[in-house]
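Colleague: final.tsv is the file, holding TSV, C-alpha atoms:
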```tsv
chain	number	residue	atom	x	y	z
A	4	MET	CA	-74.15	-35.87	-8.72
A	5	TRP	CA	-77.73	-34.57	-9.08
A	6	VAL	CA	-78.96	-37.77	-10.80
A	7	PRO	CA	-79.41	-39.76	-7.51
A	8	PHE	CA	-81.60	-36.99	-6.11
A	9	VAL	CA	-83.68	-36.87	-9.32
A	10	ALA	CA	-84.21	-40.61	-8.83
A	11	LEU	CA	-85.76	-39.91	-5.43
A	12	GLN	CA	-88.40	-37.67	-7.02
A	13	ASP	CA	-89.17	-39.51	-10.26
A	14	ARG	CA	-87.58	-42.86	-11.01
A	15	GLN	CA	-88.83	-42.90	-14.62
A	16	VAL	CA	-87.05	-39.63	-15.34
A	17	ALA	CA	-83.98	-40.97	-13.57
A	18	LYS	CA	-83.95	-44.08	-15.76
A	19	LEU	CA	-84.16	-41.92	-18.87
A	20	LEU	CA	-81.26	-39.78	-17.65
A	21	LEU	CA	-78.97	-42.68	-16.79
A	22	VAL	CA	-78.01	-43.73	-20.31
A	23	PRO	CA	-77.37	-40.27	-21.84
A	24	GLY	CA	-75.87	-39.07	-18.57
A	25	GLY	CA	-73.47	-42.00	-18.51
A	26	ILE	CA	-72.47	-41.46	-22.14
A	27	LEU	CA	-71.85	-37.75	-21.59
A	28	ALA	CA	-69.86	-38.46	-18.43
A	29	CYS	CA	-67.60	-40.89	-20.31
A	30	LEU	CA	-67.13	-38.46	-23.22
A	31	PHE	CA	-66.40	-35.29	-21.25
A	32	SER	CA	-64.75	-36.50	-18.07
A	33	SER	CA	-61.22	-37.74	-17.63
A	34	VAL	CA	-60.31	-41.38	-17.00
A	35	ALA	CA	-59.59	-40.47	-13.40
A	36	VAL	CA	-63.23	-39.55	-12.64
A	37	LEU	CA	-64.80	-42.59	-14.32
A	38	PRO	CA	-64.93	-44.59	-11.04
A	39	SER	CA	-66.87	-41.74	-9.40
A	40	THR	CA	-69.18	-41.47	-12.40
A	41	ALA	CA	-69.84	-45.22	-12.40
A	42	LEU	CA	-70.56	-45.17	-8.66
A	43	LEU	CA	-73.12	-42.36	-9.00
A	44	ILE	CA	-74.83	-44.09	-11.93
A	45	MET	CA	-75.08	-47.34	-9.95
A	46	ALA	CA	-76.56	-45.47	-6.98
A	47	SER	CA	-79.14	-43.82	-9.24
A	48	PHE	CA	-80.01	-47.17	-10.82
A	49	THR	CA	-80.47	-48.74	-7.36
A	50	ILE	CA	-82.81	-45.95	-6.28
A	51	GLY	CA	-84.71	-46.04	-9.58
A	52	ARG	CA	-85.43	-49.77	-9.31
A	53	ARG	CA	-87.37	-49.39	-6.08
A	54	GLU	CA	-91.12	-49.26	-6.57
A	55	ARG	CA	-91.64	-46.92	-3.68
A	56	PRO	CA	-88.32	-45.86	-2.30
A	57	ARG	CA	-88.52	-44.44	1.16
A	58	THR	CA	-87.01	-40.98	1.21
A	59	PRO	CA	-84.57	-41.59	4.11
A	60	THR	CA	-83.21	-44.73	2.42
A	61	GLY	CA	-82.90	-43.04	-0.95
A	62	VAL	CA	-81.21	-39.99	0.52
A	63	SER	CA	-78.76	-42.20	2.38
A	64	ILE	CA	-77.85	-44.05	-0.81
A	65	ALA	CA	-77.51	-40.79	-2.75
A	66	MET	CA	-75.42	-39.08	-0.10
A	67	GLY	CA	-73.27	-42.14	0.45
A	68	ALA	CA	-72.53	-42.39	-3.27
A	69	ILE	CA	-71.61	-38.70	-3.45
A	70	VAL	CA	-69.32	-38.89	-0.39
A	71	VAL	CA	-67.52	-41.95	-1.71
A	72	SER	CA	-67.16	-40.42	-5.18
A	73	LEU	CA	-65.69	-37.24	-3.69
A	74	GLY	CA	-63.26	-39.36	-1.70
A	75	ILE	CA	-62.17	-41.12	-4.88
A	76	ALA	CA	-61.50	-37.72	-6.43
A	77	LEU	CA	-59.82	-36.08	-3.44
A	78	TRP	CA	-57.66	-38.80	-1.92
A	79	PRO	CA	-55.21	-39.38	-4.82
A	80	GLY	CA	-54.90	-35.62	-5.25
A	81	ALA	CA	-54.08	-35.16	-1.56
A	82	LEU	CA	-51.33	-37.80	-1.82
A	83	ALA	CA	-49.93	-36.13	-4.94
A	84	ALA	CA	-50.00	-32.71	-3.24
A	85	ARG	CA	-48.12	-34.12	-0.25
A	86	LYS	CA	-45.45	-35.57	-2.55
A	87	VAL	CA	-45.00	-32.19	-4.26
A	88	GLU	CA	-44.71	-30.48	-0.86
A	89	GLU	CA	-42.05	-32.98	0.25
A	90	ILE	CA	-40.02	-32.27	-2.89
A	91	GLY	CA	-40.49	-28.55	-2.34
A	92	ARG	CA	-38.84	-28.77	1.08
A	93	THR	CA	-35.67	-30.13	-0.54
A	94	ILE	CA	-35.36	-27.19	-2.97
A	95	SER	CA	-33.22	-24.43	-1.50
A	96	VAL	CA	-33.81	-20.69	-1.57
A	97	VAL	CA	-30.68	-18.95	-2.85
A	98	PRO	CA	-29.83	-15.25	-2.22
A	99	LEU	CA	-28.41	-13.77	-5.43
A	100	ASP	CA	-27.74	-10.19	-4.36
A	101	GLY	CA	-24.08	-9.18	-4.40
A	102	ARG	CA	-22.88	-12.18	-6.39
A	103	LEU	CA	-21.91	-10.08	-9.40
A	104	ASP	CA	-20.94	-6.76	-7.83
A	105	TYR	CA	-17.61	-6.87	-9.68
A	106	GLU	CA	-19.49	-6.02	-12.87
A	107	LYS	CA	-20.07	-2.49	-11.58
A	108	LEU	CA	-16.33	-1.95	-11.42
A	109	ARG	CA	-15.61	-3.05	-15.00
A	110	LYS	CA	-17.60	-0.39	-16.82
A	111	THR	CA	-15.64	1.89	-19.15
A	112	PRO	CA	-16.89	4.92	-21.09
A	113	THR	CA	-15.46	3.55	-24.34
A	114	GLU	CA	-17.86	0.59	-24.49
A	115	PRO	CA	-20.35	0.76	-27.39
A	116	ALA	CA	-23.88	1.85	-26.47
A	117	VAL	CA	-26.42	-0.97	-26.28
A	118	SER	CA	-28.79	1.22	-28.29
A	119	ASP	CA	-26.43	0.70	-31.25
A	120	LEU	CA	-27.45	-2.97	-31.58
A	121	THR	CA	-28.25	-3.91	-35.15
A	122	GLN	CA	-31.77	-4.96	-36.08
A	123	SER	CA	-30.81	-8.63	-36.42
A	124	VAL	CA	-29.13	-8.66	-33.00
A	125	SER	CA	-32.12	-6.94	-31.37
A	126	LYS	CA	-34.49	-9.46	-32.96
A	127	GLU	CA	-32.45	-12.40	-31.69
A	128	LEU	CA	-32.37	-10.88	-28.21
A	129	ASP	CA	-36.18	-10.66	-28.24
A	130	GLU	CA	-36.41	-14.31	-29.30
A	131	THR	CA	-33.99	-15.35	-26.55
A	132	GLU	CA	-36.11	-13.58	-23.95
A	133	ASN	CA	-39.24	-15.31	-25.27
A	134	ARG	CA	-37.57	-18.72	-24.98
A	135	ILE	CA	-36.52	-18.02	-21.41
A	136	GLU	CA	-39.97	-16.70	-20.53
A	137	TYR	CA	-42.20	-19.32	-22.12
A	138	GLU	CA	-40.15	-22.53	-22.19
A	139	SER	CA	-40.03	-22.95	-18.42
A	140	ARG	CA	-42.93	-24.66	-16.70
A	141	ARG	CA	-40.65	-25.15	-13.69
A	142	ARG	CA	-40.47	-21.41	-12.88
A	143	PHE	CA	-44.26	-21.19	-12.69
A	144	ASP	CA	-44.47	-24.23	-10.41
A	145	LEU	CA	-41.69	-22.97	-8.14
A	146	ALA	CA	-43.37	-19.57	-7.81
A	147	HIS	CA	-46.54	-21.21	-6.45
A	148	LEU	CA	-44.89	-24.11	-4.64
A	149	HIS	CA	-45.95	-23.00	-1.15
A	150	GLU	CA	-49.47	-21.86	-2.06
A	151	ARG	CA	-51.31	-24.88	-0.72
A	152	PRO	CA	-54.84	-23.97	-1.98
A	153	ARG	CA	-53.54	-23.65	-5.53
A	154	LEU	CA	-51.55	-26.85	-5.18
A	155	MET	CA	-54.53	-28.81	-3.84
A	156	PHE	CA	-56.89	-27.44	-6.49
A	157	SER	CA	-54.54	-28.43	-9.31
A	158	GLN	CA	-54.15	-31.96	-7.95
A	159	MET	CA	-57.79	-32.81	-7.30
A	160	ILE	CA	-58.84	-35.47	-9.80
A	161	GLY	CA	-61.89	-34.37	-11.72
A	162	PHE	CA	-61.66	-30.79	-10.44
A	163	GLY	CA	-58.45	-28.87	-10.98
A	164	VAL	CA	-57.24	-31.33	-13.62
A	165	GLY	CA	-59.87	-29.91	-15.96
A	166	ARG	CA	-58.91	-26.30	-15.29
A	167	MET	CA	-55.18	-26.21	-14.52
A	168	ILE	CA	-52.04	-28.07	-15.59
A	169	ARG	CA	-51.27	-30.57	-12.86
A	170	TRP	CA	-48.07	-30.28	-10.87
A	171	ARG	CA	-45.48	-32.88	-11.76
A	172	PRO	CA	-42.50	-33.64	-9.50
A	173	GLU	CA	-40.20	-33.96	-12.52
A	174	ASN	CA	-40.87	-30.29	-13.31
A	175	LEU	CA	-39.41	-29.28	-9.96
A	176	LEU	CA	-36.41	-31.58	-9.85
A	177	ARG	CA	-33.37	-31.26	-12.10
A	178	SER	CA	-30.60	-33.74	-12.85
A	179	PRO	CA	-27.28	-32.96	-11.12
A	180	LEU	CA	-24.76	-31.01	-13.20
A	181	ARG	CA	-21.93	-33.07	-14.61
A	182	ASP	CA	-18.70	-32.57	-16.54
A	183	ILE	CA	-19.33	-33.12	-20.27
A	184	ARG	CA	-16.27	-33.82	-22.41
A	185	PHE	CA	-15.77	-31.91	-25.66
A	186	ASP	CA	-15.74	-35.14	-27.67
A	187	GLU	CA	-18.73	-36.67	-25.92
A	188	THR	CA	-21.49	-37.76	-28.30
A	189	PHE	CA	-25.21	-37.98	-27.85
A	190	ALA	CA	-26.54	-41.43	-26.96
A	191	ASN	CA	-30.09	-42.59	-27.50
A	192	ASN	CA	-30.38	-43.63	-23.88
A	193	PHE	CA	-29.18	-40.25	-22.60
A	194	SER	CA	-31.62	-39.09	-19.92
A	195	GLY	CA	-31.84	-35.33	-19.73
A	196	ASP	CA	-34.22	-32.71	-18.44
A	197	ARG	CA	-37.35	-32.02	-20.43
A	198	GLY	CA	-37.24	-28.25	-19.97
A	199	ALA	CA	-33.98	-27.61	-21.78
A	200	TRP	CA	-34.94	-29.97	-24.61
A	201	MET	CA	-38.24	-28.16	-25.10
A	202	ALA	CA	-36.38	-24.87	-25.44
A	203	ILE	CA	-33.92	-26.38	-27.93
A	204	TRP	CA	-36.70	-27.93	-30.02
A	205	SER	CA	-38.28	-24.50	-30.32
A	206	LEU	CA	-35.24	-23.39	-32.36
A	207	GLU	CA	-36.42	-25.51	-35.31
A	208	THR	CA	-34.14	-27.78	-37.33
A	209	SER	CA	-30.98	-26.93	-39.24
A	210	ASP	CA	-27.41	-28.15	-39.67
A	211	GLN	CA	-26.03	-24.61	-40.05
A	212	ILE	CA	-23.10	-23.72	-37.84
A	213	GLU	CA	-24.96	-20.72	-36.39
A	214	ARG	CA	-27.63	-23.01	-35.00
A	215	LEU	CA	-25.02	-24.97	-33.09
A	216	HIS	CA	-24.23	-21.79	-31.13
A	217	LEU	CA	-27.91	-20.91	-30.70
A	218	ALA	CA	-28.64	-24.36	-29.28
A	219	ALA	CA	-25.55	-24.25	-27.07
A	220	GLN	CA	-26.60	-20.85	-25.75
A	221	THR	CA	-30.12	-22.12	-24.99
A	222	ASP	CA	-28.81	-25.21	-23.21
A	223	PHE	CA	-26.31	-23.18	-21.18
A	224	LEU	CA	-28.84	-20.56	-20.08
A	225	ASP	CA	-31.55	-23.22	-19.57
A	226	PRO	CA	-34.92	-21.54	-18.99
A	227	ASP	CA	-35.61	-23.92	-16.10
A	228	SER	CA	-32.44	-22.91	-14.23
A	229	PHE	CA	-33.52	-19.34	-13.42
A	230	GLY	CA	-35.77	-20.49	-10.59
A	231	ALA	CA	-38.48	-18.19	-9.21
A	232	LEU	CA	-38.28	-15.02	-7.15
A	233	THR	CA	-40.14	-16.10	-4.00
A	234	GLU	CA	-38.60	-13.89	-1.30
A	235	LYS	CA	-38.06	-10.32	-2.42
A	236	PRO	CA	-35.84	-8.66	-3.28
A	237	PHE	CA	-33.16	-11.21	-4.29
A	238	LYS	CA	-33.99	-14.69	-2.99
A	239	TYR	CA	-34.75	-17.31	-5.63
A	240	THR	CA	-36.19	-20.79	-5.16
A	241	GLY	CA	-34.65	-23.51	-7.31
A	242	PHE	CA	-31.90	-21.40	-8.90
A	243	ILE	CA	-29.25	-23.47	-10.72
A	244	GLU	CA	-25.91	-22.17	-11.99
A	245	HIS	CA	-25.67	-21.87	-15.76
A	246	ALA	CA	-24.09	-24.95	-17.33
A	247	PHE	CA	-24.28	-27.37	-20.23
A	248	HIS	CA	-26.56	-30.36	-19.82
A	249	TYR	CA	-25.91	-32.13	-23.14
A	250	PRO	CA	-22.96	-32.74	-25.47
A	251	ALA	CA	-22.40	-29.71	-27.68
A	252	THR	CA	-23.16	-31.57	-30.93
A	253	ALA	CA	-26.24	-33.32	-29.52
A	254	THR	CA	-28.33	-30.35	-30.55
A	255	THR	CA	-27.61	-30.51	-34.30
A	256	ASP	CA	-29.81	-32.67	-36.47
A	257	PHE	CA	-27.25	-33.99	-38.92
A	258	LYS	CA	-24.19	-34.25	-36.63
A	259	VAL	CA	-21.99	-32.53	-39.21
A	260	TRP	CA	-19.85	-30.76	-36.62
A	261	GLN	CA	-17.12	-32.07	-34.37
A	262	VAL	CA	-16.35	-29.80	-31.41
A	263	ASP	CA	-12.64	-29.77	-30.56
A	264	ARG	CA	-13.05	-27.11	-27.87
A	265	LEU	CA	-15.82	-24.89	-26.54
A	266	GLU	CA	-14.64	-22.27	-24.03
A	267	LEU	CA	-16.33	-19.47	-22.12
A	268	VAL	CA	-15.03	-15.93	-22.61
A	269	SER	CA	-15.37	-13.72	-19.51
A	270	LEU	CA	-15.75	-10.01	-20.21
A	271	LEU	CA	-16.69	-8.44	-16.88
A	272	LYS	CA	-14.77	-10.27	-14.16
A	273	PHE	CA	-11.18	-9.44	-15.12
A	274	ASP	CA	-9.36	-6.25	-16.08
A	275	ARG	CA	-9.14	-7.64	-19.61
A	276	PRO	CA	-11.23	-10.31	-21.33
A	277	GLN	CA	-10.11	-13.81	-20.38
A	278	VAL	CA	-10.99	-17.30	-21.58
A	279	TYR	CA	-11.56	-20.06	-19.03
A	280	VAL	CA	-9.47	-23.15	-19.83
A	281	LEU	CA	-11.24	-26.38	-18.83
A	282	ASP	CA	-11.12	-29.96	-20.10
A	283	HIS	CA	-14.92	-30.08	-20.42
A	284	LEU	CA	-17.84	-27.83	-21.34
A	285	PRO	CA	-18.20	-24.73	-19.13
A	286	ARG	CA	-20.03	-24.82	-15.80
A	287	MET	CA	-20.51	-21.57	-13.89
A	288	ASP	CA	-20.54	-23.33	-10.53
A	289	GLN	CA	-16.87	-24.21	-11.13
A	290	LEU	CA	-15.69	-20.79	-12.32
A	291	SER	CA	-15.95	-18.75	-9.12
A	292	SER	CA	-12.67	-20.19	-7.85
A	293	GLU	CA	-9.50	-18.20	-8.48
A	294	LYS	CA	-7.71	-21.48	-9.24
A	295	VAL	CA	-9.47	-21.99	-12.58
A	296	PRO	CA	-6.86	-21.37	-15.31
A	297	THR	CA	-7.49	-18.66	-17.89
A	298	ARG	CA	-5.79	-17.37	-21.04
A	299	PRO	CA	-5.94	-14.08	-22.97
A	300	LEU	CA	-7.91	-13.75	-26.20
A	301	ASP	CA	-6.17	-14.88	-29.37
A	302	ALA	CA	-6.16	-12.82	-32.58
A	303	PHE	CA	-9.41	-14.28	-33.95
A	304	GLU	CA	-11.26	-13.83	-30.64
A	305	SER	CA	-10.10	-10.22	-30.24
A	306	GLU	CA	-11.24	-9.24	-33.72
A	307	ALA	CA	-14.51	-11.18	-33.52
A	308	LEU	CA	-15.34	-9.72	-30.10
A	309	GLU	CA	-15.54	-6.22	-31.54
A	310	GLN	CA	-18.07	-7.44	-34.10
A	311	LEU	CA	-20.13	-9.05	-31.35
A	312	ARG	CA	-20.42	-5.86	-29.31
A	313	THR	CA	-23.28	-4.48	-31.38
A	314	ALA	CA	-23.19	-5.79	-34.96
A	315	LYS	CA	-23.36	-9.59	-34.80
A	316	ASP	CA	-24.32	-12.49	-32.61
A	317	VAL	CA	-21.95	-14.97	-34.28
A	318	ALA	CA	-18.57	-14.41	-36.00
A	319	ILE	CA	-17.11	-17.27	-38.08
A	320	THR	CA	-13.90	-18.00	-39.95
A	321	ASN	CA	-12.53	-21.21	-41.43
A	322	ASP	CA	-9.49	-22.83	-42.94
A	323	GLY	CA	-10.84	-25.72	-45.01
A	324	PRO	CA	-12.79	-28.05	-42.70
A	325	LYS	CA	-11.46	-26.31	-39.56
A	326	TYR	CA	-13.68	-23.54	-38.19
A	327	ARG	CA	-13.42	-20.90	-35.50
A	328	MET	CA	-16.58	-19.34	-34.13
A	329	LEU	CA	-17.32	-16.77	-31.44
A	330	GLY	CA	-20.94	-16.59	-30.28
A	331	SER	CA	-22.48	-13.93	-28.05
A	332	LEU	CA	-24.03	-14.27	-24.61
A	333	ARG	CA	-26.11	-11.13	-24.06
A	334	ALA	CA	-28.05	-9.83	-21.08
A	335	ALA	CA	-31.70	-10.67	-21.62
A	336	LYS	CA	-34.28	-8.91	-19.47
A	337	GLN	CA	-34.44	-11.97	-17.18
A	338	CYS	CA	-30.71	-11.61	-16.48
A	339	LEU	CA	-30.92	-8.05	-15.16
A	340	GLU	CA	-32.10	-9.04	-11.68
A	341	CYS	CA	-28.59	-10.40	-11.05
A	342	HIS	CA	-26.33	-8.74	-13.63
A	343	ASN	CA	-25.45	-5.07	-13.20
A	344	VAL	CA	-25.61	-4.21	-16.89
A	345	PRO	CA	-28.12	-2.77	-19.38
A	346	ARG	CA	-30.35	-5.08	-21.39
A	347	GLY	CA	-28.55	-6.36	-24.48
A	348	GLU	CA	-25.02	-5.82	-23.21
A	349	LEU	CA	-22.49	-8.50	-23.98
A	350	LEU	CA	-21.87	-10.55	-20.83
A	351	GLY	CA	-19.58	-13.12	-22.39
A	352	ALA	CA	-19.14	-15.37	-25.39
A	353	PHE	CA	-18.51	-18.96	-26.42
A	354	SER	CA	-15.31	-19.59	-28.35
A	355	TYR	CA	-15.49	-22.67	-30.59
A	356	ARG	CA	-12.91	-24.76	-32.40
A	357	LEU	CA	-14.80	-26.99	-34.83
A	358	GLN	CA	-14.31	-29.36	-37.69
A	359	SER	CA	-16.88	-30.06	-40.36
A	360	ALA	CA	-17.55	-33.49	-41.79
A	361	THR	CA	-19.79	-34.65	-44.62
A	362	ARG	CA	-22.82	-36.73	-43.73
A	363	ASN	CA	-21.18	-39.73	-45.41
A	364	GLU	CA	-18.11	-39.39	-43.18
A	365	GLN	CA	-20.35	-39.16	-40.14
A	366	THR	CA	-22.21	-42.27	-41.26
A	367	GLU	CA	-18.96	-44.21	-41.66
A	368	LYS	CA	-17.80	-43.15	-38.19
A	369	SER	CA	-21.04	-44.33	-36.62
A	370	ARG	CA	-20.79	-47.82	-38.10
```
Once you've parsed the file, please lay out its structure as structure tokens.
Modeller:
Amino acid sequence: MWVPFVALQDRQVAKLLLVPGGILACLFSSVAVLPSTALLIMASFTIGRRERPRTPTGVSIAMGAIVVSLGIALWPGALAARKVEEIGRTISVVPLDGRLDYEKLRKTPTEPAVSDLTQSVSKELDETENRIEYESRRRFDLAHLHERPRLMFSQMIGFGVGRMIRWRPENLLRSPLRDIRFDETFANNFSGDRGAWMAIWSLETSDQIERLHLAAQTDFLDPDSFGALTEKPFKYTGFIEHAFHYPATATTDFKVWQVDRLELVSLLKFDRPQVYVLDHLPRMDQLSSEKVPTRPLDAFESEALEQLRTAKDVAITNDGPKYRMLGSLRAAKQCLECHNVPRGELLGAFSYRLQSATRNEQTEKSR
């Protein structure tokens, strides 16, 4: 912006500055600010061409170019900020206090101490907390949704865009929850939410059965679903009930597993552990009703549950190609603002009935 004023003082210097200044502006500015840059260069060139530019005329040209260039930068950002604010008004603030008070009544002195967690379980808990903490851009945006100066600064083209990550409406919005059948397969045109996929990708690639549970756990917890604490002590903006967003086998690279059933084991709501019986993947928004059918643990689940308390995160058994698996759902530090349990305690588990298939069999089925 200073080039037009230099042109008022010394047009030869201004001419020398135009070419390198234009090159530098194109190299180090974003595409969005190129119209402003071009406008300022043209204004400088116009002033520099005059043999004896009168100061009032030159100042008017310089100031006019700067005002218009600022408008080019500010106006699109203002429209984008208004769109974000409109979306923000549709996102509800949910009070979470008291929702899980029943957990306080289910504590027994015979439960294993959380401090007895094995090293491998503790390490996995740390990694789970890191995924929840760092794989959610949405939580950060929700926390600052109603801070208009921050919002405006991040949206201004050529200003905040160079210093902050711009707000994107798709980071705030989430697709509606839906019932996902056990036998549903992943389709290439499946449109899902970016946040959960980013968390799943961070798990790296493998066709091991343990990864299927790890990916299912990450999808169910969904780092973007926690929302943001915006009204203390217990009111969260953008909170979404835990649920699956993708078919259970969509998260394995080689599709070597067929999920016959995937059920949620409840450990703290009933007098004894119970398994919710649904005809689709679990959704917490459907499980608060007393009408949801449940069943007691079977022999495998009872034995595996004791291993999950402190020693393992996944317990597996198989009979040929048929597998049973019980995978833990533990209280990460982000869960403690709602759950009345110590960090690391077992909140529930996923019970799987699976069948394995060779890659050739999977290829034949897909043809």
Colleague: Please define a box with edges along x, y and z of the file around all atoms of region 293-304 of chain A given in the file, extend it by 3 Å on each side, and return its centre and edge lengths in Å to one decimal, as lines of an AutoDock Vina configuration file.
Modeller:
```
center_x = -8.5
center_y = -17.4
center_z = -21.2
size_x = 11.5
size_y = 15.2
size_z = 31.5
```
Colleague: From the set A:Lys315, A:Arg181, A:Lys336, A:Arg327, which residue has the shortest atom-to-atom contact distance to Arg286 (chain A), counting all atoms listed in the file?
Modeller: A:Arg181
Colleague: Between CA of Arg275 (chain A) and CA of Arg312 (chain A), what is the distance, to one decimal in Å?
Modeller: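 According to the coordinates, CA of Arg275 (chain A) and CA of Arg312 (chain A) are separated by 15.0 Å.
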Colleague: Could you list, as a compact mmCIF listing (two decimals) with C-alpha atoms, in the coordinates of the input, every residue within 9 Å of region 239-253 of chain A, counting only C-alpha atoms and ignoring same-chain residues fewer than 6 positions away?
Modeller:
```
# COMPACT_ATOMS: atom_id res chain seq x y z
CA ILE A 94 -35.36 -27.19 -2.97
CA SER A 95 -33.22 -24.43 -1.50
CA VAL A 96 -33.81 -20.69 -1.57
CA VAL A 97 -30.68 -18.95 -2.85
CA PRO A 98 -29.83 -15.25 -2.22
CA LEU A 99 -28.41 -13.77 -5.43
CA ARG A 141 -40.65 -25.15 -13.69
CA ARG A 142 -40.47 -21.41 -12.88
CA LEU A 145 -41.69 -22.97 -8.14
CA ALA A 146 -43.37 -19.57 -7.81
CA LEU A 175 -39.41 -29.28 -9.96
CA LEU A 176 -36.41 -31.58 -9.85
CA ARG A 177 -33.37 -31.26 -12.10
CA SER A 178 -30.60 -33.74 -12.85
CA LEU A 180 -24.76 -31.01 -13.20
CA ARG A 181 -21.93 -33.07 -14.61
CA ASP A 182 -18.70 -32.57 -16.54
CA ILE A 183 -19.33 -33.12 -20.27
CA ARG A 184 -16.27 -33.82 -22.41
CA PHE A 185 -15.77 -31.91 -25.66
CA ASP A 186 -15.74 -35.14 -27.67
CA GLU A 187 -18.73 -36.67 -25.92
CA THR A 188 -21.49 -37.76 -28.30
CA PHE A 189 -25.21 -37.98 -27.85
CA ALA A 190 -26.54 -41.43 -26.96
CA PHE A 193 -29.18 -40.25 -22.60
CA GLY A 195 -31.84 -35.33 -19.73
CA ASP A 196 -34.22 -32.71 -18.44
CA ALA A 199 -33.98 -27.61 -21.78
CA LEU A 215 -25.02 -24.97 -33.09
CA HIS A 216 -24.23 -21.79 -31.13
CA ALA A 218 -28.64 -24.36 -29.28
CA ALA A 219 -25.55 -24.25 -27.07
CA GLN A 220 -26.60 -20.85 -25.75
CA ASP A 222 -28.81 -25.21 -23.21
CA PHE A 223 -26.31 -23.18 -21.18
CA LEU A 224 -28.84 -20.56 -20.08
CA ASP A 225 -31.55 -23.22 -19.57
CA ASP A 227 -35.61 -23.92 -16.10
CA SER A 228 -32.44 -22.91 -14.23
CA PHE A 229 -33.52 -19.34 -13.42
CA GLY A 230 -35.77 -20.49 -10.59
CA ALA A 231 -38.48 -18.19 -9.21
CA LEU A 232 -38.28 -15.02 -7.15
CA THR A 233 -40.14 -16.10 -4.00
CA VAL A 259 -21.99 -32.53 -39.21
CA TRP A 260 -19.85 -30.76 -36.62
CA GLN A 261 -17.12 -32.07 -34.37
CA VAL A 262 -16.35 -29.80 -31.41
CA LEU A 265 -15.82 -24.89 -26.54
CA LEU A 284 -17.84 -27.83 -21.34
CA PRO A 285 -18.20 -24.73 -19.13
CA ARG A 286 -20.03 -24.82 -15.80
CA MET A 287 -20.51 -21.57 -13.89
CA ASP A 288 -20.54 -23.33 -10.53
```
Colleague: Measuring between all atoms listed in the file, which one of A:Asn321, A:Asn343, A:Gln337, A:Ser269 shows the shortest distance to Pro226 (chain A)?
Modeller: A:Gln337
Colleague: Can you measure CA of Ala334 (chain A) to CA of Tyr137 (chain A) for me? One decimal in Å is fine.
Modeller: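 It comes out at 17.1 Å.
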Colleague: Between A:Cys341, A:Leu311, A:Leu349, A:Ala83, which residue has the minimum interatomic distance to Leu271 (chain A), considering all atoms listed in the file?
Modeller: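 That would be A:Leu349, the residue with the smallest distance to Leu271 (chain A).
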Colleague: Between A:Glu309, A:Glu266, A:Gly323, A:Ser359, which one has atoms that come closest to Pro296 (chain A), using all atoms listed in the file?
Modeller: A:Glu266
Colleague: Any idea what the distance is between CA of Ile212 (chain A) and CA of Val317 (chain A)?
Modeller: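 Separation between CA of Ile212 (chain A) and CA of Val317 (chain A): 9.5 Å.
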